[in-house]
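Engineer: As input, take start-v1.cif (mmCIF, C-alpha atoms and all ligand atoms):
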data_protein
#
loop_
_atom_site.group_PDB
_atom_site.id
_atom_site.type_symbol
_atom_site.label_atom_id
_atom_site.label_comp_id
_atom_site.auth_asym_id
_atom_site.auth_seq_id
_atom_site.Cartn_x
_atom_site.Cartn_y
_atom_site.Cartn_z
ATOM 1 C CA MET A 24 1.833 -15.252 -24.786
ATOM 2 C CA LEU A 25 1.831 -14.594 -21.013
ATOM 3 C CA PRO A 26 -0.453 -11.495 -20.979
ATOM 4 C CA LYS A 27 -3.023 -13.191 -23.279
ATOM 5 C CA SER A 28 -3.733 -16.391 -21.307
ATOM 6 C CA PRO A 29 -5.922 -16.231 -18.163
ATOM 7 C CA VAL A 30 -3.149 -17.879 -16.119
ATOM 8 C CA GLY A 31 -0.564 -15.466 -17.579
ATOM 9 C CA LYS A 32 -2.634 -12.464 -16.487
ATOM 10 C CA LYS A 33 -2.931 -13.875 -12.960
ATOM 11 C CA ILE A 34 0.847 -14.468 -12.872
ATOM 12 C CA LEU A 35 1.551 -10.866 -13.924
ATOM 13 C CA MET A 36 -0.893 -9.597 -11.266
ATOM 14 C CA ALA A 37 0.766 -11.820 -8.661
ATOM 15 C CA VAL A 38 4.335 -10.761 -9.484
ATOM 16 C CA SER A 39 3.458 -7.036 -9.651
ATOM 17 C CA GLY A 40 1.438 -7.329 -6.418
ATOM 18 C CA GLN A 41 4.308 -9.044 -4.598
ATOM 19 C CA ALA A 42 6.775 -6.380 -5.792
ATOM 20 C CA MET A 43 4.482 -3.681 -4.371
ATOM 21 C CA ILE A 44 4.141 -5.616 -1.105
ATOM 22 C CA LEU A 45 7.931 -5.518 -0.823
ATOM 23 C CA PHE A 46 7.733 -1.711 -1.113
ATOM 24 C CA ILE A 47 4.908 -1.613 1.467
ATOM 25 C CA VAL A 48 7.022 -3.652 3.924
ATOM 26 C CA ILE A 49 10.096 -1.420 3.478
ATOM 27 C CA HIS A 50 7.925 1.720 3.705
ATOM 28 C CA VAL A 51 6.316 0.716 7.013
ATOM 29 C CA LEU A 52 9.759 -0.082 8.471
ATOM 30 C CA GLY A 53 11.024 3.327 7.318
ATOM 31 C CA ASN A 54 7.935 5.076 8.713
ATOM 32 C CA SER A 55 8.359 3.341 12.068
ATOM 33 C CA THR A 56 11.602 5.289 12.609
ATOM 34 C CA LEU A 57 9.211 8.139 13.537
ATOM 35 C CA PHE A 58 8.692 6.392 16.901
ATOM 36 C CA PHE A 59 12.437 6.573 17.617
ATOM 37 C CA GLY A 60 13.013 10.136 16.403
ATOM 38 C CA GLY A 61 14.830 8.895 13.277
ATOM 39 C CA LEU A 62 12.414 9.701 10.418
ATOM 40 C CA ASN A 63 14.137 12.910 9.286
ATOM 41 C CA ALA A 64 17.577 11.270 9.181
ATOM 42 C CA TYR A 65 16.106 8.251 7.343
ATOM 43 C CA ALA A 66 14.361 10.481 4.756
ATOM 44 C CA GLU A 67 17.536 12.547 4.315
ATOM 45 C CA LYS A 68 19.586 9.374 3.742
ATOM 46 C CA LEU A 69 17.056 8.142 1.142
ATOM 47 C CA HIS A 70 17.066 11.447 -0.722
ATOM 48 C CA SER A 71 20.862 11.389 -0.831
ATOM 49 C CA LEU A 72 20.532 8.255 -3.023
ATOM 50 C CA PRO A 73 18.605 9.662 -6.031
ATOM 51 C CA LEU A 74 19.457 6.719 -8.308
ATOM 52 C CA LEU A 75 17.926 4.247 -5.842
ATOM 53 C CA VAL A 76 14.904 6.514 -5.290
ATOM 54 C CA TRP A 77 14.230 6.910 -9.027
ATOM 55 C CA LEU A 78 14.830 3.248 -9.867
ATOM 56 C CA THR A 79 12.336 2.313 -7.131
ATOM 57 C CA ARG A 80 9.820 4.913 -8.334
ATOM 58 C CA LEU A 81 10.007 3.752 -11.965
ATOM 59 C CA THR A 82 9.823 0.051 -11.032
ATOM 60 C CA MET A 83 6.858 0.640 -8.705
ATOM 61 C CA ALA A 84 5.053 2.788 -11.309
ATOM 62 C CA GLY A 85 5.504 -0.058 -13.832
ATOM 63 C CA MET A 86 4.276 -2.649 -11.322
ATOM 64 C CA LEU A 87 1.270 -0.486 -10.418
ATOM 65 C CA PHE A 88 0.382 -0.063 -14.103
ATOM 66 C CA LEU A 89 0.594 -3.838 -14.770
ATOM 67 C CA HIS A 90 -1.407 -4.652 -11.632
ATOM 68 C CA VAL A 91 -4.209 -2.144 -12.323
ATOM 69 C CA PHE A 92 -4.355 -2.905 -16.056
ATOM 70 C CA PHE A 93 -4.685 -6.675 -15.616
ATOM 71 C CA SER A 94 -6.986 -6.463 -12.586
ATOM 72 C CA ILE A 95 -9.468 -4.370 -14.607
ATOM 73 C CA LYS A 96 -9.134 -6.760 -17.571
ATOM 74 C CA VAL A 97 -9.651 -9.881 -15.410
ATOM 75 C CA THR A 98 -12.617 -8.300 -13.559
ATOM 76 C CA LEU A 99 -14.334 -7.369 -16.841
ATOM 77 C CA GLU A 100 -13.675 -10.820 -18.311
ATOM 78 C CA ASN A 101 -15.045 -12.551 -15.189
ATOM 79 C CA ARG A 102 -18.136 -10.357 -15.310
ATOM 80 C CA ARG A 103 -18.708 -11.183 -18.972
ATOM 81 C CA ALA A 104 -18.226 -14.916 -18.289
ATOM 82 C CA LYS A 105 -20.775 -14.758 -15.466
ATOM 83 C CA LEU A 106 -23.313 -12.981 -17.672
ATOM 84 C CA GLU A 107 -22.847 -15.620 -20.384
ATOM 85 C CA GLU A 108 -23.253 -18.448 -17.892
ATOM 86 C CA TYR A 109 -26.360 -16.686 -16.522
ATOM 87 C CA ALA A 110 -26.679 -19.102 -13.620
ATOM 88 C CA VAL A 111 -24.065 -17.472 -11.440
ATOM 89 C CA LYS A 112 -22.041 -20.002 -9.554
ATOM 90 C CA LYS A 113 -20.491 -18.737 -6.365
ATOM 91 C CA PRO A 114 -16.719 -19.240 -6.106
ATOM 92 C CA LEU A 115 -15.980 -22.249 -3.911
ATOM 93 C CA ARG A 116 -14.858 -20.304 -0.864
ATOM 94 C CA SER A 117 -15.452 -16.611 -1.312
ATOM 95 C CA THR A 118 -14.875 -14.116 1.483
ATOM 96 C CA PHE A 119 -15.806 -10.449 1.881
ATOM 97 C CA ALA A 120 -12.178 -9.568 1.042
ATOM 98 C CA SER A 121 -12.027 -11.768 -2.068
ATOM 99 C CA ARG A 122 -15.369 -10.507 -3.422
ATOM 100 C CA ASN A 123 -14.371 -6.867 -3.031
ATOM 101 C CA MET A 124 -10.795 -6.845 -4.366
ATOM 102 C CA ILE A 125 -11.638 -4.374 -7.134
ATOM 103 C CA TRP A 126 -13.284 -1.930 -4.660
ATOM 104 C CA THR A 127 -10.572 -2.108 -2.006
ATOM 105 C CA GLY A 128 -8.130 -1.612 -4.901
ATOM 106 C CA VAL A 129 -10.012 1.519 -6.022
ATOM 107 C CA VAL A 130 -9.876 2.925 -2.445
ATOM 108 C CA ILE A 131 -6.106 2.217 -2.249
ATOM 109 C CA ALA A 132 -5.524 3.886 -5.646
ATOM 110 C CA ALA A 133 -7.505 6.980 -4.560
ATOM 111 C CA PHE A 134 -5.562 7.032 -1.278
ATOM 112 C CA LEU A 135 -2.252 6.775 -3.122
ATOM 113 C CA ILE A 136 -3.066 9.865 -5.212
ATOM 114 C CA TYR A 137 -4.061 11.778 -2.047
ATOM 115 C CA HIS A 138 -0.956 10.498 -0.199
ATOM 116 C CA LEU A 139 1.430 11.608 -2.974
ATOM 117 C CA PHE A 140 -0.117 15.100 -3.014
ATOM 118 C CA HIS A 141 0.122 15.154 0.798
ATOM 119 C CA PHE A 142 3.650 13.928 1.598
ATOM 120 C CA THR A 143 5.558 13.763 -1.699
ATOM 121 C CA PHE A 144 4.342 16.845 -3.638
ATOM 122 C CA GLN A 145 3.450 18.474 -0.267
ATOM 123 C CA VAL A 146 0.675 20.652 -1.675
ATOM 124 C CA ILE A 147 -2.107 19.736 0.779
ATOM 125 C CA SER A 148 -0.878 21.826 3.725
ATOM 126 C CA PRO A 149 2.293 23.464 2.384
ATOM 127 C CA GLU A 150 2.842 25.516 5.569
ATOM 128 C CA ASN A 151 3.635 22.271 7.465
ATOM 129 C CA SER A 152 5.556 20.647 4.607
ATOM 130 C CA ALA A 153 9.047 19.200 5.007
ATOM 131 C CA GLY A 154 10.140 21.390 2.115
ATOM 132 C CA MET A 155 9.298 24.559 4.138
ATOM 133 C CA ASN A 156 10.509 23.482 7.600
ATOM 134 C CA THR A 157 13.783 22.068 8.875
ATOM 135 C CA ASP A 158 14.657 20.338 12.156
ATOM 136 C CA ALA A 159 17.477 21.204 14.582
ATOM 137 C CA SER A 160 20.020 19.412 12.340
ATOM 138 C CA GLY A 161 18.900 21.353 9.270
ATOM 139 C CA ASN A 162 17.186 18.325 7.665
ATOM 140 C CA PRO A 163 13.740 18.740 6.033
ATOM 141 C CA ASP A 164 11.244 18.145 8.855
ATOM 142 C CA VAL A 165 9.404 15.071 7.490
ATOM 143 C CA ALA A 166 8.436 14.018 11.046
ATOM 144 C CA GLY A 167 6.898 17.439 11.744
ATOM 145 C CA MET A 168 4.947 17.216 8.480
ATOM 146 C CA VAL A 169 3.593 13.738 9.343
ATOM 147 C CA ILE A 170 2.721 14.699 12.950
ATOM 148 C CA SER A 171 0.971 17.960 12.057
ATOM 149 C CA GLY A 172 -0.815 16.139 9.197
ATOM 150 C CA PHE A 173 -2.239 13.436 11.462
ATOM 151 C CA GLN A 174 -3.180 15.900 14.217
ATOM 152 C CA ASN A 175 -6.019 16.757 11.853
ATOM 153 C CA SER A 176 -8.601 14.054 12.605
ATOM 154 C CA ILE A 177 -10.121 14.161 9.103
ATOM 155 C CA VAL A 178 -6.693 13.458 7.577
ATOM 156 C CA SER A 179 -6.112 10.608 10.055
ATOM 157 C CA LEU A 180 -9.557 9.217 9.257
ATOM 158 C CA ILE A 181 -8.749 9.206 5.521
ATOM 159 C CA TYR A 182 -5.551 7.254 6.245
ATOM 160 C CA MET A 183 -7.289 4.806 8.593
ATOM 161 C CA VAL A 184 -10.060 4.039 6.078
ATOM 162 C CA ALA A 185 -7.353 3.464 3.436
ATOM 163 C CA MET A 186 -5.472 1.118 5.805
ATOM 164 C CA ILE A 187 -8.689 -0.913 6.306
ATOM 165 C CA ALA A 188 -8.985 -1.224 2.507
ATOM 166 C CA LEU A 189 -5.290 -2.205 2.393
ATOM 167 C CA VAL A 190 -5.613 -4.951 5.021
ATOM 168 C CA LEU A 191 -8.665 -6.413 3.243
ATOM 169 C CA HIS A 192 -6.883 -6.261 -0.142
ATOM 170 C CA LEU A 193 -3.744 -7.917 1.227
ATOM 171 C CA THR A 194 -5.597 -10.561 3.282
ATOM 172 C CA HIS A 195 -6.874 -12.054 0.046
ATOM 173 C CA GLY A 196 -4.118 -10.743 -2.258
ATOM 174 C CA ILE A 197 -1.097 -12.300 -0.535
ATOM 175 C CA GLN A 198 -2.465 -15.849 -0.463
ATOM 176 C CA SER A 199 -4.009 -15.499 -3.908
ATOM 177 C CA SER A 200 -0.669 -14.389 -5.395
ATOM 178 C CA PHE A 201 1.026 -17.534 -4.059
ATOM 179 C CA GLN A 202 -1.751 -19.652 -5.551
ATOM 180 C CA SER A 203 -1.425 -17.892 -8.944
ATOM 181 C CA LEU A 204 2.283 -18.693 -8.925
ATOM 182 C CA GLY A 205 1.416 -22.334 -8.259
ATOM 183 C CA LEU A 206 3.261 -22.323 -4.942
ATOM 184 C CA ASN A 207 0.470 -24.092 -3.097
ATOM 185 C CA ASN A 208 -0.837 -27.604 -2.779
ATOM 186 C CA GLU A 209 -3.480 -29.294 -0.619
ATOM 187 C CA SER A 210 -1.228 -29.420 2.418
ATOM 188 C CA THR A 211 0.370 -25.941 2.167
ATOM 189 C CA LEU A 212 -2.817 -24.015 1.279
ATOM 190 C CA PRO A 213 -4.094 -23.530 4.864
ATOM 191 C CA LEU A 214 -0.622 -22.332 5.941
ATOM 192 C CA ILE A 215 -0.381 -19.919 2.990
ATOM 193 C CA GLU A 216 -3.870 -18.550 3.752
ATOM 194 C CA LYS A 217 -3.089 -18.063 7.434
ATOM 195 C CA SER A 218 0.365 -16.536 6.843
ATOM 196 C CA GLY A 219 -1.115 -14.134 4.271
ATOM 197 C CA SER A 220 -3.715 -12.894 6.745
ATOM 198 C CA VAL A 221 -1.177 -12.594 9.578
ATOM 199 C CA ALA A 222 1.243 -10.629 7.346
ATOM 200 C CA ALA A 223 -1.612 -8.324 6.236
ATOM 201 C CA ILE A 224 -2.628 -7.678 9.858
ATOM 202 C CA ILE A 225 0.974 -6.960 10.943
ATOM 203 C CA LEU A 226 1.310 -4.411 8.110
ATOM 204 C CA PHE A 227 -2.057 -2.892 9.041
ATOM 205 C CA LEU A 228 -1.012 -2.469 12.691
ATOM 206 C CA GLY A 229 2.334 -1.005 11.625
ATOM 207 C CA TYR A 230 0.704 1.609 9.395
ATOM 208 C CA ILE A 231 -2.316 2.497 11.522
ATOM 209 C CA SER A 232 -0.211 2.865 14.689
ATOM 210 C CA ILE A 233 1.198 6.137 13.321
ATOM 211 C CA PRO A 234 -2.025 8.183 12.881
ATOM 212 C CA LEU A 235 -3.465 6.513 16.020
ATOM 213 C CA ALA A 236 -0.471 7.411 18.209
ATOM 214 C CA ILE A 237 -0.543 10.991 16.943
ATOM 215 C CA LEU A 238 -4.321 11.374 17.360
ATOM 216 C CA LEU A 239 -4.017 10.032 20.925
ATOM 217 C CA GLY A 240 -1.428 12.752 21.627
ATOM 218 C CA MET A 241 1.419 10.263 22.164
ATOM 219 C CA MET A 242 3.646 12.169 19.714
ATOM 220 C CA LYS A 243 3.958 15.928 19.433
ATOM 221 C CA GLY A 244 5.653 17.995 16.750
HETATM 222 C C1 LIG B 301 0.430 5.889 8.168
HETATM 223 C C2 LIG B 301 0.724 5.559 6.957
HETATM 224 C C3 LIG B 301 1.791 6.207 6.103
HETATM 225 C C4 LIG B 301 2.716 7.178 6.409
HETATM 226 C C5 LIG B 301 2.957 7.887 7.727
HETATM 227 C C6 LIG B 301 3.479 7.417 5.212
HETATM 228 C C7 LIG B 301 4.513 8.352 5.088
HETATM 229 C C8 LIG B 301 5.091 8.752 3.912
HETATM 230 C C9 LIG B 301 6.025 9.856 3.756
HETATM 231 C C10 LIG B 301 6.505 10.746 4.894
HETATM 232 C C11 LIG B 301 6.352 9.939 2.449
HETATM 233 C C12 LIG B 301 7.323 10.955 1.795
HETATM 234 C C13 LIG B 301 8.726 10.463 1.961
HETATM 235 C C14 LIG B 301 9.747 11.480 1.500
HETATM 236 O O1 LIG B 301 9.653 11.931 0.355
HETATM 237 O O2 LIG B 301 10.651 11.790 2.277
HETATM 238 C C15 LIG B 301 5.657 8.883 1.758
HETATM 239 C C16 LIG B 301 5.739 8.620 0.410
HETATM 240 C C17 LIG B 301 5.115 7.562 -0.217
HETATM 241 N N1 LIG B 301 4.259 6.632 0.353
HETATM 242 FE FE1 LIG B 301 3.672 6.603 2.259
HETATM 243 N N2 LIG B 301 3.037 6.579 4.213
HETATM 244 C C18 LIG B 301 2.006 5.831 4.722
HETATM 245 C C19 LIG B 301 1.276 4.849 4.058
HETATM 246 C C20 LIG B 301 1.522 4.453 2.759
HETATM 247 C C21 LIG B 301 0.889 3.335 2.105
HETATM 248 C C22 LIG B 301 -0.124 2.398 2.756
HETATM 249 C C23 LIG B 301 1.399 3.276 0.842
HETATM 250 C C24 LIG B 301 1.096 2.301 -0.264
HETATM 251 C C25 LIG B 301 -0.058 1.695 -0.408
HETATM 252 C C26 LIG B 301 2.336 4.365 0.698
HETATM 253 C C27 LIG B 301 3.035 4.649 -0.452
HETATM 254 C C28 LIG B 301 3.878 5.734 -0.606
HETATM 255 C C29 LIG B 301 4.503 6.093 -1.869
HETATM 256 C C30 LIG B 301 4.347 5.343 -3.208
HETATM 257 C C31 LIG B 301 5.285 7.237 -1.626
HETATM 258 C C32 LIG B 301 6.139 8.012 -2.622
HETATM 259 C C33 LIG B 301 7.578 7.606 -2.497
HETATM 260 C C34 LIG B 301 8.419 8.501 -3.394
HETATM 261 O O3 LIG B 301 8.766 9.591 -2.998
HETATM 262 O O4 LIG B 301 8.674 8.085 -4.496
HETATM 263 N N3 LIG B 301 2.394 5.044 1.890
HETATM 264 N N4 LIG B 301 4.883 8.170 2.671
#
Will you turn the file into structure tokens for me?
Structural biologist:
Amino acid sequence: MLPKSPVGKKILMAVSGQAMILFIVIHVLGNSTLFFGGLNAYAEKLHSLPLLVWLTRLTMAGMLFLHVFFSIKVTLENRRAKLEEYAVKKPLRSTFASRNMIWTGVVIAAFLIYHLFHFTFQVISPENSAGMNTDASGNPDVAGMVISGFQNSIVSLIYMVAMIALVLHLTHGIQSSFQSLGLNNESTLPLIEKSGSVAAIILFLGYISIPLAILLGMMKG
């Protein structure tokens, strides 16, 4: 059965990872509307589609569960295999990102919990929350909440550290997911590796530009 075989586990991790990357791409595009004064209208539009919102939430929660469950299982199995072998062989081409997938994953998971309490449950600084403040059009002021949040340098620092973990995780994760799905061969591997890193860096710049722009005073609430 798929979840029992080593290859099956890698395939489930790859598919769940790619589904979450799709969310991460859509989320950064949505967030970037902040630069054009459109974040509140975008958030309002999303919340007017509760079926879409809840289907996405449930799918992503399922994908996250699969990804975390199998990554812990694979890490423990690899560790056990290494102990049994005793003479630890280094993977053929390991990188800092590939060796630390479990730790960058832990940082991202911790960030996600913080992020949900910050912007979704809005309990971290409720006085600036979108639920408590509206903009000139009467929409919940999501942009105001994000800007006032990132004006606090500790909050911005938390986000920037998380984005560094994210870029490291994706640099290895994107190319590895294509390999797990068998979509590589000798000639396409270098291209897949390079494209994975470029995509990870583009996402990183997209996300980090928001706290950076706010910290540098380029956007005011
Ligand atoms: C600078 C970086 C980020 C900003 C400014 C940001 C902004 C936001 C905002 C404003 C919301 C609440 C949307 C609403 O309810 O109207 C939100 C929700 C969320 N964000 Fe982010 N985000 C950032 C990074 C990330 C990253 C890197 C991830 C994933 C690794 C992520 C995952 C989520 C999730 C899962 C939700 C909950 C969506 C829901 O309501 O179901 N965010 N984000």
Engineer: May I ask for the distance between CA of Leu193 (chain A) and CA of Leu62 (chain A), given in Å to one decimal place?
Structural biologist: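 Rounded to one decimal, the two atoms are 25.6 Å apart.
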Engineer: Which distance in Å separates atom C15 of ligand LIG 301 (chain B) and CA of Leu87 (chain A), to one decimal?
Structural biologist: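 Going from atom C15 of ligand LIG 301 (chain B) over to CA of Leu87 (chain A), I get 16.0 Å.
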Engineer: May I have a table of the residues of region 105-205 of chain A lying at most 9 Å from region 38-45 of chain A, giving each one's closest pair of atoms and their distance in Å to one decimal, counting all atoms listed in the file, ordered by chain and ascending residue number, as CSV?
Structural biologist:
residue,atom,partner,partner_atom,distance
A:Leu193,CA,A:Ile44,CA,8.5
A:Gly196,CA,A:Gly40,CA,7.7
A:Ile197,CA,A:Gln41,CA,7.5
A:Ser200,CA,A:Gln41,CA,7.3
A:Leu204,CA,A:Val38,CA,8.2
Engineer: Would you output that residue set with C-alpha atoms, as an mmCIF file, keeping the file's coordinate frame?
Structural biologist:
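File again-v6.cif, as written:
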data_model
loop_
_atom_site.group_PDB
_atom_site.id
_atom_site.type_symbol
_atom_site.label_atom_id
_atom_site.label_comp_id
_atom_site.auth_asym_id
_atom_site.auth_seq_id
_atom_site.Cartn_x
_atom_site.Cartn_y
_atom_site.Cartn_z
ATOM 1 C CA LEU A 193 -3.744 -7.917 1.227
ATOM 2 C CA GLY A 196 -4.118 -10.743 -2.258
ATOM 3 C CA ILE A 197 -1.097 -12.300 -0.535
ATOM 4 C CA SER A 200 -0.669 -14.389 -5.395
ATOM 5 C CA LEU A 204 2.283 -18.693 -8.925
#
Engineer: With distances taken over all atoms listed in the file, which residue among A:Leu226, A:Val30, A:Ile147, A:Met124 lies nearest Met168 (chain A)?
Structural biologist: A:Ile147
Engineer: Go through A:Phe59, A:Trp126, A:Phe173, A:Tyr230 and flag the residue nearest ligand LIG 301 (chain B), using all atoms listed in the file for the distances.
Structural biologist: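 Closest candidate: A:Tyr230.
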Engineer: I'd like the box whose edges run along x, y and z of the file and which contains every listed atom of ligand LIG 301 (chain B), padded by 3 Å per side; could you state its centre and edge lengths in Å, one decimal, as lines of an AutoDock Vina configuration file?
Structural biologist:
center_x = 5.3
center_y = 6.8
center_z = 1.8
size_x = 16.8
size_y = 16.2
size_z = 18.7
Engineer: Could you tell me, counting all atoms listed in the file, which protein and nucleic acid residues lie no more than 9 Å from ligand LIG 301 (chain B), written as a PyMOL selection string?
Structural biologist: chain A and resi 43-44+46-47+50-51+53-55+57+62-63+65-67+69-70+76-77+79-81+83-84+131-132+134-136+138-139+141-145+153+163+165-166+168-170+173+179+182-183+185-186+189+226-227+229-235
Engineer: Measure the distance from CA of Ser117 (chain A) to CA of Gly85 (chain A) in Å and round it to one decimal.
Structural biologist: 29.5 Å
Engineer: Report as a list of chain:residue names the residues that result from applying the PyMOL selection byres (((chain A and resi 33) around 9) and not hetatm) to the structure here.
Structural biologist: A:Pro26, A:Ser28, A:Pro29, A:Val30, A:Gly31, A:Lys32, A:Ile34, A:Leu35, A:Met36, A:Ala37, A:Val38, A:Phe93, A:Ser94, A:Val97, A:Ser200, A:Ser203, A:Leu204
